[in-house]
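> Quick one, run20.txt (compact mmCIF, C-alpha atoms):
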# COMPACT_ATOMS: atom_id res chain seq x y z
CA MET A 1 -22.25 -8.13 -26.11
CA THR A 2 -23.05 -6.75 -22.63
CA ASN A 3 -22.86 -3.06 -21.74
CA LYS A 4 -19.76 -3.74 -19.64
CA GLU A 5 -18.03 -5.38 -22.62
CA LYS A 6 -19.00 -2.47 -24.91
CA GLN A 7 -17.68 0.09 -22.39
CA PHE A 8 -14.51 -1.94 -21.89
CA ASN A 9 -13.82 -2.26 -25.61
CA ALA A 10 -14.41 1.47 -26.13
CA ILE A 11 -11.94 2.36 -23.34
CA ILE A 12 -9.29 0.02 -24.74
CA ALA A 13 -9.78 1.24 -28.30
CA GLU A 14 -9.26 4.80 -27.08
CA ASN A 15 -6.46 4.20 -24.56
CA GLY A 16 -4.68 1.10 -25.86
CA ASP A 17 -1.63 3.10 -26.99
CA LYS A 18 -1.30 4.78 -23.60
CA ILE A 19 -1.42 1.45 -21.78
CA LEU A 20 1.05 -0.15 -24.12
CA ARG A 21 3.49 2.75 -23.71
CA ILE A 22 3.41 2.29 -19.91
CA CYS A 23 4.02 -1.44 -20.42
CA GLN A 24 6.93 -0.63 -22.72
CA TYR A 25 8.55 1.52 -20.03
CA TYR A 26 8.82 -1.53 -17.80
CA ASN A 27 9.52 -4.36 -20.23
CA SER A 28 12.05 -4.57 -23.01
CA ASN A 29 10.76 -7.72 -24.69
CA SER A 30 7.46 -7.82 -26.50
CA ASP A 31 6.19 -10.96 -24.74
CA ASP A 32 6.56 -9.31 -21.33
CA GLN A 33 4.93 -6.16 -22.67
CA LYS A 34 2.02 -8.21 -23.93
CA ASP A 35 1.68 -10.08 -20.61
CA MET A 36 1.61 -6.84 -18.66
CA TYR A 37 -0.76 -5.27 -21.18
CA GLN A 38 -3.16 -8.17 -20.65
CA GLU A 39 -2.82 -7.83 -16.88
CA VAL A 40 -3.67 -4.13 -17.11
CA LEU A 41 -6.73 -5.05 -19.20
CA VAL A 42 -7.77 -7.59 -16.56
CA ASN A 43 -7.56 -4.91 -13.88
CA ILE A 44 -9.43 -2.36 -16.00
CA TRP A 45 -12.16 -4.95 -16.41
CA LYS A 46 -12.28 -5.64 -12.68
CA SER A 47 -12.36 -1.94 -11.82
CA LEU A 48 -14.86 -0.91 -14.48
CA GLU A 49 -17.88 -1.02 -12.18
CA THR A 50 -16.17 1.30 -9.70
CA TYR A 51 -15.54 4.04 -12.26
CA ARG A 52 -17.84 6.87 -11.27
CA GLY A 53 -16.41 9.54 -13.53
CA ASP A 54 -15.02 11.56 -10.59
CA ALA A 55 -11.52 11.30 -12.10
CA ALA A 56 -10.65 11.89 -15.74
CA ILE A 57 -10.65 8.62 -17.70
CA SER A 58 -6.94 9.14 -18.52
CA THR A 59 -6.08 9.51 -14.80
CA TRP A 60 -8.13 6.40 -14.08
CA ILE A 61 -6.33 4.44 -16.82
CA TYR A 62 -2.90 5.62 -15.65
CA ARG A 63 -3.74 4.65 -12.05
CA ILE A 64 -4.61 1.14 -13.13
CA ALA A 65 -1.56 0.89 -15.39
CA VAL A 66 0.85 2.16 -12.71
CA ASN A 67 -0.75 0.10 -9.92
CA THR A 68 -0.59 -2.98 -12.13
CA SER A 69 3.02 -2.28 -13.02
CA LEU A 70 3.85 -2.09 -9.29
CA SER A 71 2.08 -5.38 -8.63
CA TYR A 72 3.37 -6.93 -11.84
CA THR A 73 6.96 -5.89 -11.28
CA GLY A 74 6.56 -7.00 -7.66
CA LYS A 75 6.75 -10.53 -9.04
CA ALA A 76 10.14 -9.78 -10.55
CA TYR A 77 10.96 -6.78 -8.38
CA ARG A 78 14.70 -6.81 -8.92
CA LYS A 79 14.39 -7.28 -12.67
CA MET A 80 12.22 -4.20 -13.13
CA LYS A 81 13.73 -1.73 -15.56
CA LEU A 82 12.53 1.53 -16.99
CA ILE A 83 13.11 1.55 -20.71
CA VAL A 84 13.29 4.78 -22.66
CA ASN A 85 14.19 5.32 -26.28
CA SER A 86 14.74 8.35 -28.43
CA ASP A 87 11.06 8.30 -29.45
CA THR A 88 9.90 8.54 -25.86
CA GLN A 89 7.68 11.57 -25.42
CA ASN A 90 8.90 14.44 -23.24
CA LEU A 91 12.37 12.98 -22.99
CA SER A 92 13.84 16.46 -23.27
CA SER A 93 12.16 17.37 -19.95
CA LEU A 94 14.37 14.79 -18.33
CA ILE A 95 17.63 15.62 -20.07
CA GLU A 96 18.03 19.34 -19.82
CA ASP A 97 21.00 19.70 -22.10
CA ASP A 98 21.41 21.84 -25.21
CA SER A 99 23.94 19.47 -26.72
CA LEU A 100 21.09 17.07 -27.49
CA GLU A 101 21.19 18.27 -31.06
CA ASP A 102 24.28 16.23 -31.67
CA LYS A 103 23.09 12.74 -32.61
CA LEU A 104 26.05 10.85 -31.22
CA GLN A 105 25.84 12.81 -28.03
CA VAL A 106 22.13 12.00 -27.82
CA GLU A 107 22.79 8.30 -28.14
CA LYS A 108 25.53 8.41 -25.56
CA GLN A 109 23.34 10.39 -23.17
CA LEU A 110 20.41 8.11 -23.80
CA SER A 111 22.36 5.01 -22.91
CA GLN A 112 23.76 6.80 -19.86
CA LEU A 113 20.24 7.92 -18.94
CA GLN A 114 19.03 4.35 -19.33
CA ILE A 115 21.65 3.14 -16.84
CA GLU A 116 20.86 5.92 -14.37
CA LEU A 117 17.08 5.43 -14.63
CA ASN A 118 17.47 1.79 -13.77
CA GLN A 119 19.27 2.70 -10.56
CA LEU A 120 16.14 4.56 -9.43
CA SER A 121 13.65 3.06 -6.99
CA VAL A 122 10.44 1.52 -8.27
CA ILE A 123 8.41 4.55 -7.14
CA ASP A 124 10.78 6.98 -8.82
CA LYS A 125 10.53 4.92 -11.99
CA SER A 126 6.74 5.19 -11.84
CA LEU A 127 6.91 8.96 -11.35
CA ILE A 128 9.31 9.32 -14.27
CA SER A 129 7.16 7.14 -16.52
CA LEU A 130 4.17 9.42 -15.81
CA MET A 131 6.28 12.49 -16.43
CA LEU A 132 7.48 11.04 -19.73
CA GLU A 133 3.82 10.55 -20.61
CA GLY A 134 3.42 14.30 -20.32
CA LEU A 135 1.22 14.33 -17.21
CA SER A 136 1.20 17.52 -15.15
CA MET A 137 2.32 17.48 -11.49
CA ARG A 138 -1.36 17.73 -10.47
CA GLU A 139 -2.26 14.72 -12.62
CA ILE A 140 0.68 12.68 -11.28
CA ALA A 141 -0.44 13.56 -7.74
CA ASP A 142 -3.97 12.32 -8.61
CA VAL A 143 -2.62 9.06 -9.98
CA ILE A 144 -0.24 8.33 -7.10
CA GLY A 145 -2.36 9.77 -4.29
CA ILE A 146 0.21 12.09 -2.77
CA THR A 147 0.15 15.87 -2.67
CA GLU A 148 1.23 17.99 -5.65
CA PRO A 149 4.10 19.64 -3.68
CA ASN A 150 5.30 16.16 -2.70
CA VAL A 151 5.33 15.13 -6.38
CA LYS A 152 7.24 18.31 -7.30
CA VAL A 153 9.82 17.62 -4.58
CA LYS A 154 10.25 14.01 -5.69
CA ILE A 155 10.58 14.87 -9.38
CA HIS A 156 13.00 17.66 -8.54
CA ARG A 157 15.10 15.23 -6.45
CA ILE A 158 15.15 12.70 -9.29
CA LYS A 159 16.19 15.34 -11.83
CA GLU A 160 18.89 16.63 -9.50
CA HIS A 161 20.12 13.11 -8.93
CA LEU A 162 20.23 12.40 -12.67
CA LYS A 163 21.96 15.71 -13.34
CA ASN A 164 24.60 14.97 -10.69
CA GLN A 165 25.17 11.51 -12.09
CA PHE A 166 25.51 12.96 -15.62
CA ASN A 167 27.96 15.61 -14.44
CA THR A 168 30.02 13.06 -12.54
CA GLN A 169 30.14 10.78 -15.57
CA ASN A 170 31.04 13.61 -17.92
CA ASN A 171 33.80 14.86 -15.59
CA ASP A 172 35.24 11.35 -15.46
CA MET B 1 3.64 -1.18 -31.33
CA THR B 2 0.79 -1.16 -33.82
CA ASN B 3 1.16 -4.89 -34.39
CA ASN B 4 1.03 -5.59 -30.68
CA ILE B 5 -2.06 -3.48 -30.22
CA GLU B 6 -3.74 -5.13 -33.19
CA ASN B 7 -2.96 -8.57 -31.75
CA ASN B 8 -4.37 -7.52 -28.41
CA HIS B 9 -7.52 -6.22 -30.03
CA ILE B 10 -7.95 -9.52 -31.85
CA ASN B 11 -7.77 -11.33 -28.49
CA LEU B 12 -10.02 -8.84 -26.75
CA GLU B 13 -13.31 -10.63 -27.29
CA SER B 14 -12.09 -13.94 -25.90
CA LEU B 15 -10.37 -12.09 -23.07
CA THR B 16 -13.53 -10.29 -21.97
CA THR B 17 -15.39 -13.58 -21.97
CA LYS B 18 -12.67 -15.17 -19.82
CA LEU B 19 -12.66 -12.18 -17.49
CA ASP B 20 -16.38 -12.29 -17.07
CA LYS B 21 -16.20 -15.98 -16.17
CA GLU B 22 -13.36 -15.42 -13.71
CA ASP B 23 -15.18 -12.52 -12.08
CA ARG B 24 -18.30 -14.55 -11.59
CA ARG B 25 -16.44 -17.67 -10.40
CA ASN B 26 -14.38 -15.88 -7.71
CA GLU B 27 -17.34 -13.99 -6.38
CA LYS B 28 -19.47 -17.09 -6.45
CA ILE B 29 -17.03 -19.25 -4.43
CA THR B 30 -16.93 -16.98 -1.38
CA LYS B 31 -20.61 -16.11 -1.69
CA THR B 32 -21.59 -19.78 -1.97
CA LEU B 33 -19.47 -20.77 1.03
CA SER B 34 -21.03 -17.97 3.02
CA TYR B 35 -24.53 -19.21 2.11
CA VAL B 36 -23.53 -22.85 2.82
CA TYR B 37 -22.43 -21.97 6.35
CA PHE B 38 -25.51 -19.82 6.98
CA GLY B 39 -27.46 -22.85 5.71
CA PHE B 40 -25.62 -25.20 8.10
CA SER B 41 -26.34 -22.81 10.93
CA ALA B 42 -30.07 -22.73 10.12
CA LEU B 43 -30.15 -26.51 9.59
CA TYR B 44 -28.53 -27.18 12.96
CA ALA B 45 -30.94 -24.80 14.66
CA PHE B 46 -33.86 -26.57 12.97
CA ILE B 47 -32.57 -30.06 13.94
CA TYR B 48 -32.00 -29.12 17.58
CA ILE B 49 -35.37 -27.40 17.89
CA LEU B 50 -37.07 -30.40 16.29
CA ASP B 51 -35.15 -32.72 18.60
CA TYR B 52 -36.34 -30.71 21.59
CA ILE B 53 -39.97 -30.67 20.44
CA LEU B 54 -40.06 -34.40 19.62
CA ASP B 55 -38.23 -35.68 22.70
CA PRO B 56 -37.75 -33.00 25.36
CA SER B 57 -36.94 -35.58 28.07
CA ASN B 58 -33.81 -36.68 26.18
CA PHE B 59 -32.72 -33.10 25.49
CA SER B 60 -30.12 -32.23 28.14
CA LEU B 61 -28.62 -28.86 28.92
CA PHE B 62 -25.33 -30.08 27.37
CA THR B 63 -27.10 -31.06 24.15
CA ALA B 64 -28.64 -27.58 23.96
CA LEU B 65 -25.28 -25.89 24.64
CA SER B 66 -23.51 -28.14 22.13
CA GLY B 67 -26.09 -27.33 19.45
CA THR B 68 -25.87 -23.60 20.22
CA SER B 69 -22.06 -23.77 19.93
CA PHE B 70 -22.27 -25.42 16.49
CA ILE B 71 -24.82 -22.84 15.32
CA ILE B 72 -22.61 -19.95 16.51
CA ALA B 73 -19.51 -21.58 14.93
CA PHE B 74 -21.21 -21.96 11.55
CA THR B 75 -22.51 -18.39 11.74
CA PHE B 76 -18.95 -17.17 12.35
CA PHE B 77 -17.66 -19.20 9.39
CA ALA B 78 -20.43 -17.70 7.25
CA LEU B 79 -19.42 -14.18 8.36
CA LEU B 80 -15.80 -15.03 7.62
CA PHE B 81 -16.58 -15.96 4.01
CA ARG B 82 -18.88 -12.98 3.67
CA TYR B 83 -16.01 -10.75 4.75
CA ALA B 84 -13.64 -12.52 2.31
CA ASN B 85 -16.19 -11.95 -0.47
CA LYS B 86 -16.42 -8.25 0.42
CA GLU B 87 -12.64 -8.02 0.50
CA TYR B 88 -12.38 -9.64 -2.94
CA ARG B 89 -15.00 -7.29 -4.41
CA GLU B 90 -13.18 -4.28 -2.97
CA VAL B 91 -9.82 -5.00 -4.66
CA ASN B 92 -9.60 -1.93 -6.82
CA TYR B 93 -6.66 -1.10 -9.04
CA ALA B 94 -8.22 2.23 -9.95
CA LEU B 95 -7.50 3.73 -6.53
CA PRO B 96 -4.63 6.19 -6.14
CA THR B 97 -1.45 4.12 -5.76
CA ILE B 98 -0.86 4.93 -2.10
CA GLN B 99 -4.43 3.91 -1.17
CA MET B 100 -4.18 0.69 -3.15
CA LEU B 101 -0.91 -0.17 -1.41
CA SER B 102 -2.36 0.59 2.05
CA LYS B 103 -5.33 -1.67 1.37
CA ALA B 104 -3.05 -4.44 0.10
CA ALA B 105 -0.85 -4.16 3.22
CA LYS B 106 -3.96 -4.38 5.42
CA ARG B 107 -5.36 -7.30 3.45
CA TYR B 108 -2.15 -9.33 3.73
CA LYS B 109 -1.65 -8.70 7.46
CA LEU B 110 -1.26 -11.94 9.42
CA PHE B 111 -3.48 -10.80 12.27
CA ASN B 112 -6.38 -9.26 10.41
CA ILE B 113 -10.08 -9.40 11.30
CA LYS B 114 -10.45 -12.84 9.66
CA LEU B 115 -8.15 -14.49 12.21
CA PRO B 116 -10.18 -13.73 15.39
CA LEU B 117 -13.34 -14.73 13.50
CA ALA B 118 -11.72 -18.07 12.53
CA ILE B 119 -10.41 -18.66 16.09
CA ILE B 120 -13.81 -17.91 17.64
CA ALA B 121 -15.50 -20.22 15.13
CA ALA B 122 -12.97 -23.01 15.85
CA LEU B 123 -13.41 -22.60 19.63
CA PHE B 124 -17.18 -22.87 19.27
CA ILE B 125 -16.76 -26.04 17.17
CA ASP B 126 -14.52 -27.41 19.92
CA ALA B 127 -17.06 -26.44 22.58
CA GLY B 128 -19.80 -28.11 20.54
CA ILE B 129 -17.80 -31.35 20.23
CA ALA B 130 -16.78 -31.33 23.90
CA LEU B 131 -20.29 -30.60 25.22
CA ASN B 132 -21.61 -33.40 23.03
CA HIS B 133 -19.32 -35.85 24.90
CA ILE B 134 -20.32 -34.73 28.39
CA GLU B 135 -22.71 -36.89 30.35
CA LEU B 136 -23.49 -36.54 34.03
CA PRO B 137 -22.25 -38.04 36.23
CA MET B 138 -18.80 -37.81 34.69
CA ASP B 139 -16.77 -40.99 34.96
CA GLU B 140 -13.15 -41.69 34.02
CA ALA B 141 -14.04 -43.04 30.57
CA ILE B 142 -15.92 -39.85 29.67
CA ILE B 143 -13.08 -37.66 30.96
CA ASN B 144 -10.51 -39.70 29.01
CA ASP B 145 -12.67 -39.50 25.90
CA LEU B 146 -12.99 -35.74 26.39
CA ILE B 147 -9.22 -35.31 26.80
CA LYS B 148 -8.55 -37.44 23.71
CA THR B 149 -11.02 -35.35 21.68
CA GLN B 150 -9.38 -32.12 22.86
CA ILE B 151 -5.87 -33.39 22.02
CA ASN B 152 -6.99 -34.47 18.55
CA PHE B 153 -8.87 -31.22 17.95
CA PHE B 154 -6.08 -28.90 19.06
CA SER B 155 -3.45 -30.96 17.22
CA ALA B 156 -5.45 -30.54 14.02
CA ILE B 157 -5.93 -26.81 14.70
CA GLY B 158 -2.21 -26.46 15.53
CA ILE B 159 -1.18 -28.12 12.26
CA GLY B 160 -3.65 -25.91 10.40
CA VAL B 161 -2.30 -22.73 12.07
CA ILE B 162 1.35 -23.68 11.36
CA ALA B 163 0.51 -24.47 7.72
CA GLY B 164 -1.40 -21.17 7.46
CA VAL B 165 1.50 -19.16 8.90
CA ILE B 166 4.00 -20.88 6.56
CA ILE B 167 1.77 -20.17 3.54
CA TRP B 168 1.36 -16.54 4.70
CA HIS B 169 5.11 -16.22 5.17
CA ILE B 170 5.88 -17.55 1.69
CA ARG B 171 3.06 -16.02 -0.33
CA GLN B 172 1.61 -13.02 1.44
CA LYS B 173 4.31 -11.55 3.68
CA PRO B 174 6.58 -10.57 0.75
CA ILE B 175 3.65 -8.75 -0.90
CA ARG B 176 2.86 -6.94 2.36
CA ASP B 177 6.53 -6.04 2.96
CA ASN B 178 6.80 -4.77 -0.61
CA ALA B 179 3.63 -2.66 -0.22
CA LEU B 180 4.82 -1.21 3.12
CA ALA B 181 8.23 -0.34 1.64
CA LEU B 182 6.57 1.46 -1.28
CA ILE B 183 4.21 3.37 1.06
CA LYS B 184 7.18 4.45 3.18
CA GLU B 185 9.00 5.66 0.08
CA LEU B 186 5.94 7.56 -1.19
CA GLU B 187 5.42 9.27 2.16
CA ASN B 188 9.07 10.36 2.47
Will you turn the file into structure tokens for me?

Amino acid sequence: MTNKEKQFNAIIAENGDKILRICQYYNSNSDDQKDMYQEVLVNIWKSLETYRGDAAISTWIYRIAVNTSLSYTGKAYRKMKLIVNSDTQNLSSLIEDDSLEDKLQVEKQLSQLQIELNQLSVIDKSLISLMLEGLSMREIADVIGITEPNVKVKIHRIKEHLKNQFNTQNND
Amino acid sequence: MTNNIENNHINLESLTTKLDKEDRRNEKITKTLSYVYFGFSALYAFIYILDYILDPSNFSLFTALSGTSFIIAFTFFALLFRYANKEYREVNYALPTIQMLSKAAKRYKLFNIKLPLAIIAALFIDAGIALNHIELPMDEAIINDLIKTQINFFSAIGIGVIAGVIIWHIRQKPIRDNALALIKELEN
């Protein structure tokens, strides 16, 4: 086994879960998840020689996963969905509502959230997926390549939009 | 999730082998074509120099200009493939998203640096062919032959350009448009 293969296998062993979670955000069926997972691996392999250690390995992995998801979903741009479930990490940061304790209410909100998330643009979906992964604004900025204040503004806009949609739905 | 990851780990070894092969193959194609054209260029130079040394009386100015045109054309083609090789090697998914998108948009532009290089190379090939047909004094047969060659050459180039633009429009323009739309959204 070459050094590149050893390094590659070590990165995947350590970050496989992370990559798969990103793939799960964008694909509901396991075959699509697996296809995207493999495509992310291909791109990690191709980019391995350019990794100089100037970014944290997690940032580097997320960049590849998000960039691949953009290219991957580009093939089926209109079909792209962001899938969240009740196990999704940091979900509470997206739904700022105390009534989450009520299970039925959670399920209702989750399905409503699912609908609203899928109305978002592809970039907003990427930002939300990184936020759900628990990345800080600084880390999201590093992954996407825009400034931290720009990320904050975008996330704030998305949250406001979701909140408005929730309020409108609840009032109806 | 665990099952999926386990399955992917099982496939990992064969995947890395496939990846390695693909990496090498893609890089090799453009690199080889670049070397082939540099080789053609050197070979033509060698043939024309040898021709001149062996029979200078039969070596006209037009022959020299024709040979030079072919050498320049092949050099341009070699540079074109060298550039394509560099472009392939520089595709990097580990860049920040906005940078990756900008590079993709630039790469899939219709009028990028490869186009002028290809046009210059084609014009030099045409000049080489035309100069090869010229004999002084020019009579009607030579002029007709020259015109026929030009019509054939430019018809072939025209068909090639139209096919290229159609392929670009179908395969690459949507990628570029998508990348530009995403950049615009990120910058807003």
> Would you mind listing, as a ChimeraX atom specification, all residues of chain B that have at least one atom within 6 Å of chain A, where all atoms listed in the file are what counts?
/B:92-94,96-98
> Determine, counting only C-alpha atoms, which protein, DNA and RNA residues have an atom within 12 Å of an atom of Ser34 of chain B; residues of the same chain fewer than 6 positions away are not included. Present the result as a PyMOL selection string.
chain B and resi 27-28+40-41+74-86
> Can I get the selection written as an mmCIF file, keeping the file's coordinate frame, with C-alpha atoms?

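Generated output (part.cif):
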data_model
loop_
_atom_site.group_PDB
_atom_site.id
_atom_site.type_symbol
_atom_site.label_atom_id
_atom_site.label_comp_id
_atom_site.auth_asym_id
_atom_site.auth_seq_id
_atom_site.Cartn_x
_atom_site.Cartn_y
_atom_site.Cartn_z
ATOM 1 C CA GLU B 27 -17.340 -13.990 -6.380
ATOM 2 C CA LYS B 28 -19.470 -17.090 -6.450
ATOM 3 C CA PHE B 40 -25.620 -25.200 8.100
ATOM 4 C CA SER B 41 -26.340 -22.810 10.930
ATOM 5 C CA PHE B 74 -21.210 -21.960 11.550
ATOM 6 C CA THR B 75 -22.510 -18.390 11.740
ATOM 7 C CA PHE B 76 -18.950 -17.170 12.350
ATOM 8 C CA PHE B 77 -17.660 -19.200 9.390
ATOM 9 C CA ALA B 78 -20.430 -17.700 7.250
ATOM 10 C CA LEU B 79 -19.420 -14.180 8.360
ATOM 11 C CA LEU B 80 -15.800 -15.030 7.620
ATOM 12 C CA PHE B 81 -16.580 -15.960 4.010
ATOM 13 C CA ARG B 82 -18.880 -12.980 3.670
ATOM 14 C CA TYR B 83 -16.010 -10.750 4.750
ATOM 15 C CA ALA B 84 -13.640 -12.520 2.310
ATOM 16 C CA ASN B 85 -16.190 -11.950 -0.470
ATOM 17 C CA LYS B 86 -16.420 -8.250 0.420
#
> Any idea what the distance is between atom CA of Thr2 of chain A and atom CA of Met100 of chain B?
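Taking atom CA of Thr2 of chain A as the start and atom CA of Met100 of chain B as the end point, the length is 28.1 Å.
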> Skip His156 of chain A itself and residues of its chain fewer than 5 positions away, then list as a list in words all residues within 12 Å of it, counting all atoms listed in the file.
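My list of contacting residues is Ser93, Leu94, Asp124, Leu127, Ile128, Met131, Met137, Pro149, Asn150, Val151, His161, Leu162 and Lys163 of chain A.
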> Take the residues from that selection and write them out as a JSON list (two decimals), in the frame of the given file, keeping C-alpha atoms.

[["chain", "number", "residue", "atom", "x", "y", "z"],
["A", 93, "SER", "CA", 12.16, 17.37, -19.95],
["A", 94, "LEU", "CA", 14.37, 14.79, -18.33],
["A", 124, "ASP", "CA", 10.78, 6.98, -8.82],
["A", 127, "LEU", "CA", 6.91, 8.96, -11.35],
["A", 128, "ILE", "CA", 9.31, 9.32, -14.27],
["A", 131, "MET", "CA", 6.28, 12.49, -16.43],
["A", 137, "MET", "CA", 2.32, 17.48, -11.49],
["A", 149, "PRO", "CA", 4.10, 19.64, -3.68],
["A", 150, "ASN", "CA", 5.30, 16.16, -2.70],
["A", 151, "VAL", "CA", 5.33, 15.13, -6.38],
["A", 161, "HIS", "CA", 20.12, 13.11, -8.93],
["A", 162, "LEU", "CA", 20.23, 12.40, -12.67],
["A", 163, "LYS", "CA", 21.96, 15.71, -13.34]]
> Near Ala156 of chain B, within 12 Å and counting all atoms listed in the file, which residues show up once chain neighbours fewer than 6 positions away are dropped, as JSON, numbers by chain?
{"B": [122, 126, 149, 150, 162, 163]}
> A:Tyr25, A:Arg52, A:Met36, A:Gln169: which is nearest Leu117 of chain A, counting only C-alpha atoms?
A:Tyr25
> Could you jot down the atom CA of Leu131 of chain B to atom CA of Ala45 of chain B separation for me, Å, one decimal place?
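Distance between the two atoms: 16.1 Å.
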> Excluding same-chain residues fewer than 4 positions from segment 101-106 of chain B, what lies within 8 Å of it counting all atoms listed in the file, as a list in words?
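Listed by chain and then number, they are Thr97, Asn112, Ile175, Arg176, Asp177, Ala179, Leu180, Leu182 and Ile183 of chain B.
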> So how far away is atom CA of Lys159 of chain A from atom CA of Gly134 of chain A, in Å?
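Computing the Euclidean distance for atom CA of Gly134 of chain A and atom CA of Lys159 of chain A yields 15.4 Å.
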> Can you pull out every residue within 9 Å of Gln172 of chain B, counting all atoms listed in the file, but drop anything in the same chain fewer than 4 positions away, and send it as a PyMOL selection string?
chain B and resi 108-110+167-168+176-177
> Using only C-alpha atoms, can you list as a ChimeraX atom specification the residues within 12 Å of (-32.5, -28.7, 18.3)?
/B:41-56,58-71
> Restore N, CA and C atoms in segment 98-115 of chain B and list the result as a CSV table (one decimal), in the coordinates of the input.

chain,number,residue,atom,x,y,z
B,98,ILE,N,-1.1,5.0,-3.5
B,98,ILE,CA,-0.9,4.9,-2.1
B,98,ILE,C,-2.0,4.3,-1.4
B,99,GLN,N,-3.2,4.5,-1.8
B,99,GLN,CA,-4.4,3.9,-1.2
B,99,GLN,C,-4.5,2.4,-1.5
B,100,MET,N,-4.2,2.1,-2.8
B,100,MET,CA,-4.2,0.7,-3.2
B,100,MET,C,-3.1,-0.1,-2.4
B,101,LEU,N,-2.0,0.5,-2.2
B,101,LEU,CA,-0.9,-0.2,-1.4
B,101,LEU,C,-1.3,-0.3,0.1
B,102,SER,N,-1.9,0.7,0.6
B,102,SER,CA,-2.4,0.6,2.0
B,102,SER,C,-3.4,-0.5,2.2
B,103,LYS,N,-4.3,-0.6,1.3
B,103,LYS,CA,-5.3,-1.7,1.4
B,103,LYS,C,-4.7,-3.0,1.2
B,104,ALA,N,-3.7,-3.1,0.3
B,104,ALA,CA,-3.0,-4.4,0.1
B,104,ALA,C,-2.3,-4.8,1.4
B,105,ALA,N,-1.6,-3.9,2.0
B,105,ALA,CA,-0.8,-4.2,3.2
B,105,ALA,C,-1.8,-4.6,4.3
B,106,LYS,N,-3.0,-4.0,4.4
B,106,LYS,CA,-4.0,-4.4,5.4
B,106,LYS,C,-4.5,-5.8,5.1
B,107,ARG,N,-4.8,-6.0,3.9
B,107,ARG,CA,-5.4,-7.3,3.4
B,107,ARG,C,-4.4,-8.5,3.7
B,108,TYR,N,-3.1,-8.2,3.6
B,108,TYR,CA,-2.2,-9.3,3.7
B,108,TYR,C,-1.5,-9.4,5.1
B,109,LYS,N,-2.1,-8.7,6.1
B,109,LYS,CA,-1.6,-8.7,7.5
B,109,LYS,C,-1.9,-10.1,8.0
B,110,LEU,N,-1.0,-10.6,8.8
B,110,LEU,CA,-1.3,-11.9,9.4
B,110,LEU,C,-2.4,-11.9,10.4
B,111,PHE,N,-2.4,-10.9,11.3
B,111,PHE,CA,-3.5,-10.8,12.3
B,111,PHE,C,-4.5,-9.8,11.8
B,112,ASN,N,-5.3,-10.2,10.8
B,112,ASN,CA,-6.4,-9.3,10.4
B,112,ASN,C,-7.7,-9.8,11.0
B,113,ILE,N,-8.8,-9.1,10.7
B,113,ILE,CA,-10.1,-9.4,11.3
B,113,ILE,C,-10.5,-10.8,11.1
B,114,LYS,N,-10.0,-11.5,10.0
B,114,LYS,CA,-10.4,-12.8,9.7
B,114,LYS,C,-9.9,-13.8,10.7
B,115,LEU,N,-8.8,-13.6,11.3
B,115,LEU,CA,-8.2,-14.5,12.2
B,115,LEU,C,-9.0,-14.7,13.5
